[in-house]
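Just below is one structure, and these are the notes that go with it.
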Amino acid sequence: MGTMLFQRGLKPGDCPEAMNLDHPELLSEIARLYLEAGADIVQTNTFGGSSLKLAQYGLQGRVRDICVNAVNAARAVVGKKVFVSGSCGPCGRLLEPFGDINADAVFDSFKEQTGTLIEAGVDIICVETMTDVNEAMLAVKAAKSIQQSVPVMATMTFDSTPRGFYTIMGTTVEQACKALADAGADVIGSNCGNGIENMVRIAAEFRKYSSLPLIIQSNAGLPQLVDGQLVYAETPEFMAKHCERLLDIGVDIIGGCCGTTPEHIAGIREVVDRYNKAQA
Amino acid sequence: MDTLQQLSAHLQAGEVEQARAQTQAAINSGIDPKIILDQGLIAGMLVIGQRFKAHEIFLPDVLMAAKAMYAGMDLLKPLFLKEGMPSIGKAVIGTVQGDLHDIGKNLVGIMLKGAGIDVIDLGKDVPPEKFIDTAEKEGARVIGMSALLTTTMPVMKKVIELARQRGIYDRTKFVVGGAPLSLEYAREIGAHAYCFDSVSAVDCVRGFLTAR
């Protein structure tokens, strides 16, 4: 989503969710491109749509408009053909005692965001790019407190270290599996990170520690400087090829994060269809 | 364990109140404040930095240790009233304009302070002029810039270009870091160093500040 918005005039430093207020037609265009690429789920542009995060831009009073517009823009294009997933990213503050915000305030902020998304008709909530497992749990519980039956996916972002995979807050895959399931998540996994090859290893760890459905949304590697232009390293072909290994591991939902485009999703679609056909 | 080793241990454990009390105890027993700073607080932060780099501990541990360090430093500061807190030099740091991500930058600030460097933290979303104006006014020889977004990285180049225009590039070292950064990019924009993490930033900035 971010990659597509920057291509459509979002300026560094601008609030990505402000697009929902000013240019919802761009969100519809992006949803259409992903629908045409073969996606089964399109995501709303509400990653930073919580009041705590929007407060960084003075937009904390616009949660409702931002979330409702995002859902409507996607739904207008995809109808009931595919699912609309409500994106819910970190609040941008660190929880006490390390940071300066208490759990109740974070819960309330997520509850307002996910509640508005659910009311506006999303099919799924996707809590993503979390590095603090406590914050991820608050977001999952907030969504479930609104509607127990709404499916909630929860994904965290891990770094590769010589001692294994950890979030910057020190959460392991094993800890994430347990905590996210305890909080009530229906689907768990990982997003963003550092390329599809690491994601294959992270997915294998998730499968080892959890029997819940898994979701993996990798970024397209770290950007590199090519002739003065920033280019994400991983091509649609490269990512699609590795997605076959995700399917072998038993990942149920595959998507893309930073640097991925409708071309990447189309490539993954092709691999998934071929894989399923061979299994049939 | 002597008083200062105990102080260092409390700091490493992130025990803020105990670190504060132990600093006070050290002051009361007449230990030179400079020695309390070096052998208690800075020594503890050095261990924290090494363990963080080795992925034995994580961000929450560093943040709690930093709180303990600040608690101790707050007690020591008044004792250096005349000459100011001892420091090996000044560095100006900030997250560049358009970028609101400051966890990494804050971590670098903690580690630099923990190594006895006088840090002027300009926060996040810092315009190029502010980096240069502050470095000029404060006489800082190092400017550290952070960015998490590929879209805000190019601001670093603007800061360095502005330093050239204003004639301070030759006496200032530019250090850059952040997830999308690389050594190649740092070289291309004229930065003097790319730091992969907060601990290498300390080595690098210390090197620049102590070089004659």
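By order of appearance in the structure tokens: chains A, B, ..., then residues from 1 within every chain, and ligands from 1 in the order shown.
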Original post:
Which polymer residues have any atom within 7 Å of an atom of A:Pro24, counting only C-alpha atoms, with same-chain residues fewer than 4 positions away left out, as JSON, numbers by chain?
Top reply: {"A": [19, 20, 28, 69, 70, 73]}
Keeping only C-alpha atoms, take the residues you just selected and write them out as a compact mmCIF listing (two decimals), in the first residue's frame.
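Final file, selection-v9.txt:
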```
# COMPACT_ATOMS: atom_id res chain seq x y z
CA MET A 19 -4.98 10.21 1.57
CA ASN A 20 -8.21 8.59 2.78
CA SER A 28 -10.01 2.39 -5.00
CA ASN A 69 -13.33 6.03 3.83
CA ALA A 70 -10.64 3.37 3.55
CA ALA A 73 -12.94 2.82 -1.13
```
Residues of chain A within 7 Å of chain B: nearest atom pair and distance (Å, one decimal) for each, counting only C-alpha atoms, sorted by chain and number, as JSON lines?
```
{"residue": "A:Pro12", "atom": "CA", "partner": "B:Gly98", "partner_atom": "CA", "distance": 5.2}
{"residue": "A:Gly13", "atom": "CA", "partner": "B:Gly98", "partner_atom": "CA", "distance": 3.4}
{"residue": "A:Phe98", "atom": "CA", "partner": "B:Leu63", "partner_atom": "CA", "distance": 5.8}
{"residue": "A:Thr161", "atom": "CA", "partner": "B:His55", "partner_atom": "CA", "distance": 7.0}
{"residue": "A:Ile168", "atom": "CA", "partner": "B:Leu59", "partner_atom": "CA", "distance": 6.1}
{"residue": "A:Met169", "atom": "CA", "partner": "B:Leu59", "partner_atom": "CA", "distance": 5.1}
{"residue": "A:Gly170", "atom": "CA", "partner": "B:Phe58", "partner_atom": "CA", "distance": 5.1}
{"residue": "A:Leu222", "atom": "CA", "partner": "B:Pro180", "partner_atom": "CA", "distance": 6.4}
{"residue": "A:Pro223", "atom": "CA", "partner": "B:Pro180", "partner_atom": "CA", "distance": 6.3}
{"residue": "A:Leu225", "atom": "CA", "partner": "B:Tyr185", "partner_atom": "CA", "distance": 6.9}
```
Subject >> All residues 10 Å or closer to B:Asp118, only C-alpha atoms, same chain fewer than 2 positions away omitted, as a list in words >> reply: Met85, Pro86, Ser87, Ile88, Gly89, Lys90, Ala91, Val92, Gly109, Leu112, Lys113, Gly114, Ala115, Gly116, Ile120, Asp121 and Ala140 of chain B
May I have the residues from that selection written out with N, CA and C atoms, as a short mmCIF file (atom, residue, chain, number, x, y, z; two decimals), in the first residue's frame?
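This is the output file selection_39.cif:
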```
data_model
loop_
_atom_site.label_atom_id
_atom_site.label_comp_id
_atom_site.auth_asym_id
_atom_site.auth_seq_id
_atom_site.Cartn_x
_atom_site.Cartn_y
_atom_site.Cartn_z
N MET B 85 29.45 18.70 32.86
CA MET B 85 29.69 17.25 32.84
C MET B 85 30.89 16.96 31.97
N PRO B 86 31.80 16.10 32.45
CA PRO B 86 32.94 15.76 31.61
C PRO B 86 32.44 15.09 30.32
N SER B 87 33.07 15.42 29.22
CA SER B 87 32.62 14.85 27.95
C SER B 87 33.78 14.78 26.99
N ILE B 88 33.72 13.83 26.07
CA ILE B 88 34.81 13.74 25.10
C ILE B 88 34.48 14.52 23.83
N GLY B 89 33.34 15.21 23.83
CA GLY B 89 33.00 16.04 22.68
C GLY B 89 31.51 16.07 22.44
N LYS B 90 31.12 16.94 21.51
CA LYS B 90 29.70 17.14 21.24
C LYS B 90 29.26 16.53 19.92
N ALA B 91 28.08 15.93 19.94
CA ALA B 91 27.49 15.42 18.70
C ALA B 91 26.03 15.87 18.64
N VAL B 92 25.62 16.31 17.46
CA VAL B 92 24.22 16.67 17.22
C VAL B 92 23.58 15.49 16.49
N GLY B 109 21.35 7.82 20.77
CA GLY B 109 21.54 8.87 21.77
C GLY B 109 21.92 8.29 23.12
N LEU B 112 25.51 6.90 22.97
CA LEU B 112 26.52 7.97 22.91
C LEU B 112 26.67 8.61 24.29
N LYS B 113 25.54 8.92 24.93
CA LYS B 113 25.59 9.51 26.27
C LYS B 113 26.28 8.54 27.23
N GLY B 114 25.96 7.26 27.04
CA GLY B 114 26.54 6.24 27.90
C GLY B 114 28.03 6.06 27.68
N ALA B 115 28.56 6.67 26.62
CA ALA B 115 30.00 6.59 26.36
C ALA B 115 30.66 7.93 26.69
N GLY B 116 29.93 8.81 27.39
CA GLY B 116 30.53 10.07 27.83
C GLY B 116 30.58 11.13 26.75
N ILE B 120 23.44 16.40 21.69
CA ILE B 120 22.34 17.34 21.51
C ILE B 120 21.35 16.67 20.56
N ASP B 121 20.23 16.20 21.13
CA ASP B 121 19.25 15.43 20.37
C ASP B 121 18.17 16.37 19.87
N ALA B 140 29.54 21.63 17.57
CA ALA B 140 29.60 20.17 17.52
C ALA B 140 30.40 19.73 16.29
#
```
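Nearest residue to B:Leu41, choosing from B:Glu15, B:Ala21, B:Gly167, B:Tyr70 and counting only C-alpha atoms: B:Tyr70.
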**OP:** Would you mind listing what lies within 12 Å of A:His23 as an MDAnalysis selection string, with only C-alpha atoms counted and same-chain residues fewer than 6 positions away left out?
**Re:** chainID A and resid 5 8:10 16:17 29:30 45 66 69:70 73
Subject >> Selection near A:Glu263, 10 Å with only C-alpha atoms, sequence-local residues under 5 positions removed, as a PyMOL selection string >> reply: chain A and resi 33-34+37-38+235-237+268-269
**OP:** Per DSSP on the backbone, filter stretch 22-263 of chain A down to the residues in strand (DSSP E) and report them as a PyMOL selection string.
**Re:** chain A and resi 41-43+83-88+124-130+152-156+159-161+164-166+187-192+214-218+223-226+229-232+253-256
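With only C-alpha atoms as the atoms that count, the residue of B:Asp38, B:Phe196, B:Gly207, B:Arg166 with the shortest distance to B:Asp133 is B:Arg166.
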